[in-house]
Amino acid sequence: MQRLVLIAVPYAWLLALFLVPFAIVFKISLSDIALAIPPYTPTLDDGLATFFAALDFENFTFLASDDLYWKAYLSSLQIASVSTVLTLFVAYPIAYGMARAPQEWRPTLMMLVILPFWTSFLIRVYAWMGILSQEGFLNQFLLWTGIVGQPLTILNTNIAVYIGIVYTYLPFMILPIYAALDRLDGSLIEAAEDLGCSRFQAFWLVTIPLSRNGIIAGSFLVFIPALGEFVIPSLLGGSQTLMIGKVLWEEFFNNRDWPVASAVAVILLLILIVPIVLFQRNQQKQAEQDA
Amino acid sequence: MKKLMMSSAALALTATALSADEVRVYNWSDYIDEALLEKFEQETGIELIYDVFDSNEVLETKLLAGGSGYDVVVPTGTFLSRQIQAGVFQPLDKAQLPNLDNMWDVIEERTAQYDPGNAYSINYMWGTTGIGVNLGKVQEILGADAPIASLSLIFDPGNMEKLASCGVHFLDAPTEMIPAALTYMGEDPDSKDEEALARAEEVLSAVRPHVQKFHSSEYINALANGDICVAFGWSGDILQARDRAAEADNGVEIVYNAPNEGALMWFDQMAIPADAPNPEAAHTFLNFIMDAQNMAEASNYVYYANGNEASKEFLVEDVIGDTAIYPDEAALQNLYTVTTWAPRDQRNLTRSWTRIKSGT
């Protein structure tokens, strides 16, 4: 009985915060645009029979008819994948350094990784606008050192979007990798070196595989939110930056077409479900291994 | 007797303070003298909560979702019109608005095309959409006879190619940019025809590579600081940039012109949502704004013309005497208005705008 209650808690959570909202969004994606509050029809006030009769998949066929949408999905997938890999490359050495640091430093280092969260995410992205702009710190520094003769155009390009995503999601990558490396038994590396591995071989053949779970967890934590990211591309990206988050915004705000916006969101979720299921499996496997 | 009157006035005041203690206003950013907000609180004892937005779309989505919690909102006429149809607003109780007598019939006539009989809204400000230039830089690039009052400045690829190096911003508002492109082509700016839209798109796409940014509020600072040399934007915003540059004394001289091919005239209207928590206080606010002196203070600060005839005598010469703000009779003839976009047309418009901006 107690067990049942314990299981019920996460499922109730999932039901209330994921399935119910999804059902509402899915329902709106099957309805039609209307000039009313709320701006779609039918609503449940119309009676159940009319309500179900009026739903259809028209909005989904519409999405297939315009290349804008799949281009935006593909471009988001690309931006999210590239930024995940970049974040991994930046985060791994940091996490490794933290795990190798003397025990008494680690809480401080951990604190430093978390510290940026104390400032609003929006303000931190705004700060990047100041750093990356034509007259920004970065360009002034580069001009001062003489590395470049002309200020670089970084802000309002995809490069700025990558920088923004890597910066914002870095802690989400560092922390799981650090957790994995922290648990790593140092004697395994010694054993590898005793058995003739060079330091690099030991790192590649022992450390990396043993931190695999951290890498996978970190990658999902970065990839999934990056895919639907809206704030970073709209503040740092240019108008050529095509991401599904922006398309969704336009459907919702410019066209005030909530049904099509919901259809875009439903498909985005379907795209995300694959990595989420993989992530869940991986977590489960890890739990079993630990047990 | 006097004492009695005073105490009854105090009583009335506490009565209003009890029933109307709070009013929530949602207005455009950089669009009011904040001293006016304080004055309102002092005069009425109503606490004023003032939020800002910078696009009609954001406001509209909040209104259509329902329960926005605002008592007064300020949509532009074209948006207001369809929001009225959607049942977003409540009709004004004109008995509570004695200052309606101050309003200017010339403007009321034009706003009536969005809000028949002006039943739901009062005019706050109106203005034109046009071209702001950093005079020194543009003349340096295009010569002393640069067409700073013509749409060819921003729609002729030859001009734009040269101007790109010093920075050009366009409004991120297809409902403003497409009518301008249509005007440049000699088409009806109010055309919703798909074929005309396609050709307007070509005009914009041709100059797109030379546009640094599409944004609806950043250009004020960018122009004033000298970061960009041309902006296609709202009259008062560009005039604010002109004044900020003059105050900073940074050698930047900004000039605004309504394009001589024809300029879009728009109206920002104050209205009360149907589900406003405190409609009574909302009426008090509208009446306060329509006070001739208050309205003049607002215009003197934001450099937009208002729809209040009585306020004219309190306007500073910089505002009433500037034909960029209060166009003379001839210039007024050169202004056009546009009607609202139906959902299907709006979708074509947004799609076209995405293609222009992103090439997709």
# chains A, B, ... in the order shown; residues from 1 in each chain; ligands from 1

$ closest_atom_pairs --of "chain A" --to "chain B" --cutoff "6 Å" --atoms "only C-alpha atoms" --output "JSON lines"
{"residue": "A:Leu35", "atom": "CA", "partner": "B:Ala86", "partner_atom": "CA", "distance": 4.9}
{"residue": "A:Ala36", "atom": "CA", "partner": "B:Ala86", "partner_atom": "CA", "distance": 4.2}
{"residue": "A:Ile37", "atom": "CA", "partner": "B:Leu64", "partner_atom": "CA", "distance": 5.0}
{"residue": "A:Pro38", "atom": "CA", "partner": "B:Ala65", "partner_atom": "CA", "distance": 5.4}
{"residue": "A:Ser239", "atom": "CA", "partner": "B:Lys357", "partner_atom": "CA", "distance": 5.4}
{"residue": "A:Gln240", "atom": "CA", "partner": "B:Ser358", "partner_atom": "CA", "distance": 4.0}
{"residue": "A:Phe253", "atom": "CA", "partner": "B:Glu57", "partner_atom": "CA", "distance": 5.1}
{"residue": "A:Asn254", "atom": "CA", "partner": "B:Glu57", "partner_atom": "CA", "distance": 5.7}
{"residue": "A:Asn255", "atom": "CA", "partner": "B:Arg347", "partner_atom": "CA", "distance": 5.7}

$ residues_around --residues "Ala64 (chain A)" --least-positions-apart "5" --cutoff "12 Å" --atoms "only C-alpha atoms" --output "PDB file with N, CA and C atoms, in the first residue's frame"
ATOM      1  N   PHE A  57      -7.743  17.489 -38.350  1.00  0.00           N
ATOM      2  CA  PHE A  57      -6.281  17.563 -38.440  1.00  0.00           C
ATOM      3  C   PHE A  57      -5.801  18.564 -39.490  1.00  0.00           C
ATOM      4  N   GLU A  58      -6.675  19.473 -39.864  1.00  0.00           N
ATOM      5  CA  GLU A  58      -6.372  20.454 -40.894  1.00  0.00           C
ATOM      6  C   GLU A  58      -5.059  21.199 -40.635  1.00  0.00           C
ATOM      7  N   ASN A  59      -4.831  21.593 -39.378  1.00  0.00           N
ATOM      8  CA  ASN A  59      -3.639  22.377 -39.065  1.00  0.00           C
ATOM      9  C   ASN A  59      -2.362  21.594 -39.300  1.00  0.00           C
ATOM     10  N   TYR A  69       8.117  25.281 -41.928  1.00  0.00           N
ATOM     11  CA  TYR A  69       8.080  24.578 -40.655  1.00  0.00           C
ATOM     12  C   TYR A  69       9.154  23.515 -40.546  1.00  0.00           C
ATOM     13  N   TRP A  70       9.253  22.644 -41.586  1.00  0.00           N
ATOM     14  CA  TRP A  70      10.286  21.618 -41.429  1.00  0.00           C
ATOM     15  C   TRP A  70      11.681  22.223 -41.491  1.00  0.00           C
ATOM     16  N   LYS A  71      11.834  23.314 -42.226  1.00  0.00           N
ATOM     17  CA  LYS A  71      13.151  23.980 -42.224  1.00  0.00           C
ATOM     18  C   LYS A  71      13.491  24.489 -40.827  1.00  0.00           C
ATOM     19  N   TYR A  73      12.292  23.282 -37.980  1.00  0.00           N
ATOM     20  CA  TYR A  73      12.582  22.140 -37.117  1.00  0.00           C
ATOM     21  C   TYR A  73      14.020  21.669 -37.337  1.00  0.00           C
ATOM     22  N   VAL A 260      -2.771  26.655 -35.048  1.00  0.00           N
ATOM     23  CA  VAL A 260      -1.553  26.272 -35.762  1.00  0.00           C
ATOM     24  C   VAL A 260      -0.361  26.285 -34.808  1.00  0.00           C
ATOM     25  N   ALA A 263      -0.354  23.128 -33.021  1.00  0.00           N
ATOM     26  CA  ALA A 263       0.095  22.026 -33.872  1.00  0.00           C
ATOM     27  C   ALA A 263       1.621  22.009 -33.952  1.00  0.00           C
ATOM     28  N   VAL A 264       2.232  23.203 -34.087  1.00  0.00           N
ATOM     29  CA  VAL A 264       3.698  23.297 -34.110  1.00  0.00           C
ATOM     30  C   VAL A 264       4.266  22.735 -32.807  1.00  0.00           C
ATOM     31  N   ILE A 267       4.080  18.857 -32.582  1.00  0.00           N
ATOM     32  CA  ILE A 267       5.126  18.179 -33.353  1.00  0.00           C
ATOM     33  C   ILE A 267       6.485  18.334 -32.683  1.00  0.00           C
TER      34      ILE A 267
END

$ atom_distance --atom1 "CA of Val23 (chain B)" --atom2 "CA of Ala274 (chain B)"
14.4 Å

$ closest_residue --among "B:Gly186, B:Pro209, B:Pro98, B:Gly132" --to "Phe288 (chain B)" --atoms "only C-alpha atoms"
B:Pro98

$ atom_distance --atom1 "CA of Leu80 (chain B)" --atom2 "CA of Ser121 (chain B)"
8.6 Å

$ residues_around --residues "region 84-92 of chain A" --least-positions-apart "4" --cutoff "6 Å" --atoms "only C-alpha atoms" --output "number ranges by chain"
A: 96, 166, 170, 174, 219, 222-223

$ select_by_dssp --residues "region 41-219 of chain B" --states "strand (DSSP E or B)" --output "ChimeraX atom specification"
/B:47-53,72-73,76,89,103,121-134,168-170,213-214

$ write_last_selection --atoms "C-alpha atoms" --output "compact mmCIF listing (two decimals), in the first residue's frame"
# COMPACT_ATOMS: atom_id res chain seq x y z
CA GLU B 47 -2.86 53.73 -6.93
CA LEU B 48 -1.56 53.45 -10.48
CA ILE B 49 0.22 50.32 -11.67
CA TYR B 50 1.87 51.03 -14.99
CA ASP B 51 3.28 48.33 -17.29
CA VAL B 52 4.69 48.67 -20.79
CA PHE B 53 4.88 46.66 -24.01
CA VAL B 72 -6.66 50.47 -19.49
CA VAL B 73 -4.78 49.28 -22.59
CA THR B 76 -3.30 50.82 -32.33
CA PHE B 89 -13.57 45.76 -24.75
CA MET B 103 -11.40 65.91 -28.15
CA SER B 121 -11.91 54.10 -27.15
CA ILE B 122 -10.40 57.55 -26.91
CA ASN B 123 -7.40 58.73 -28.87
CA TYR B 124 -4.20 58.95 -26.87
CA MET B 125 -1.60 59.81 -29.50
CA TRP B 126 -1.37 59.68 -33.24
CA GLY B 127 1.50 59.96 -35.57
CA THR B 128 3.04 58.91 -38.80
CA THR B 129 5.50 56.23 -39.79
CA GLY B 130 8.47 57.61 -41.63
CA ILE B 131 12.18 58.01 -42.08
CA GLY B 132 14.67 59.14 -39.46
CA VAL B 133 18.17 59.93 -40.63
CA ASN B 134 21.45 60.93 -39.10
CA VAL B 168 19.78 50.82 -41.20
CA HIS B 169 16.96 49.62 -38.93
CA PHE B 170 13.42 48.75 -40.05
CA LYS B 213 18.08 44.89 -37.81
CA PHE B 214 14.31 44.61 -37.72

$ atom_distance --atom1 "CA of Glu218 (chain B)" --atom2 "CA of Asn250 (chain B)"
18.5 Å

$ residues_around --residues "Asn118 (chain B)" --least-positions-apart "4" --cutoff "12 Å" --atoms "only C-alpha atoms" --output "list in words"
Gly77, Leu80, Ser81, Ile84, Gln90, Pro91, Leu92, Asp93, Lys94, Leu100, Met103, Asp105, Ile107, Glu108, Glu109, Arg110, Thr111, Ala112, Gln113, Tyr114, Ile122, Asn123, Gln269, Met270 and Ala271 of chain B

$ decode --residues "region 234-286 of chain B" --atoms "C-alpha atoms" --output "compact mmCIF listing (two decimals), in the first residue's frame"
# COMPACT_ATOMS: atom_id res chain seq x y z
CA TRP B 234 7.41 55.95 -35.68
CA SER B 235 7.52 59.75 -35.80
CA GLY B 236 7.66 60.47 -32.07
CA ASP B 237 10.27 57.80 -31.43
CA ILE B 238 12.57 59.34 -34.00
CA LEU B 239 11.92 62.82 -32.60
CA GLN B 240 12.79 61.48 -29.15
CA ALA B 241 16.04 60.18 -30.63
CA ARG B 242 16.63 63.65 -32.10
CA ASP B 243 16.21 65.24 -28.67
CA ARG B 244 18.32 62.68 -26.85
CA ALA B 245 21.12 63.30 -29.36
CA ALA B 246 20.75 67.06 -28.91
CA GLU B 247 20.89 66.67 -25.12
CA ALA B 248 23.94 64.43 -25.30
CA ASP B 249 25.53 67.02 -27.61
CA ASN B 250 27.33 64.23 -29.42
CA GLY B 251 27.34 65.86 -32.84
CA VAL B 252 24.52 63.66 -34.08
CA GLU B 253 21.75 65.52 -35.87
CA ILE B 254 18.59 63.48 -36.43
CA VAL B 255 15.91 64.55 -38.90
CA TYR B 256 12.46 63.01 -39.29
CA ASN B 257 10.40 63.11 -42.46
CA ALA B 258 7.06 61.60 -43.34
CA PRO B 259 7.77 60.17 -46.81
CA ASN B 260 6.54 62.51 -49.53
CA GLU B 261 5.12 59.57 -51.51
CA GLY B 262 2.60 59.19 -48.67
CA ALA B 263 2.89 58.23 -45.03
CA LEU B 264 0.92 55.91 -42.83
CA MET B 265 -1.08 57.69 -40.16
CA TRP B 266 -1.83 55.61 -37.09
CA PHE B 267 -3.79 56.11 -33.90
CA ASP B 268 -3.08 54.66 -30.49
CA GLN B 269 -6.36 54.34 -28.65
CA MET B 270 -7.03 53.93 -24.96
CA ALA B 271 -9.70 51.36 -24.21
CA ILE B 272 -11.04 49.40 -21.25
CA PRO B 273 -11.04 45.57 -21.42
CA ALA B 274 -14.44 43.94 -20.85
CA ASP B 275 -13.04 42.07 -17.87
CA ALA B 276 -11.22 45.06 -16.33
CA PRO B 277 -11.13 44.63 -12.54
CA ASN B 278 -11.77 48.29 -11.92
CA PRO B 279 -13.64 49.95 -14.81
CA GLU B 280 -14.59 52.93 -12.67
CA ALA B 281 -10.97 53.81 -11.96
CA ALA B 282 -10.23 53.18 -15.63
CA HIS B 283 -12.75 55.86 -16.58
CA THR B 284 -11.18 58.19 -14.02
CA PHE B 285 -7.82 57.59 -15.69
CA LEU B 286 -9.18 58.23 -19.18
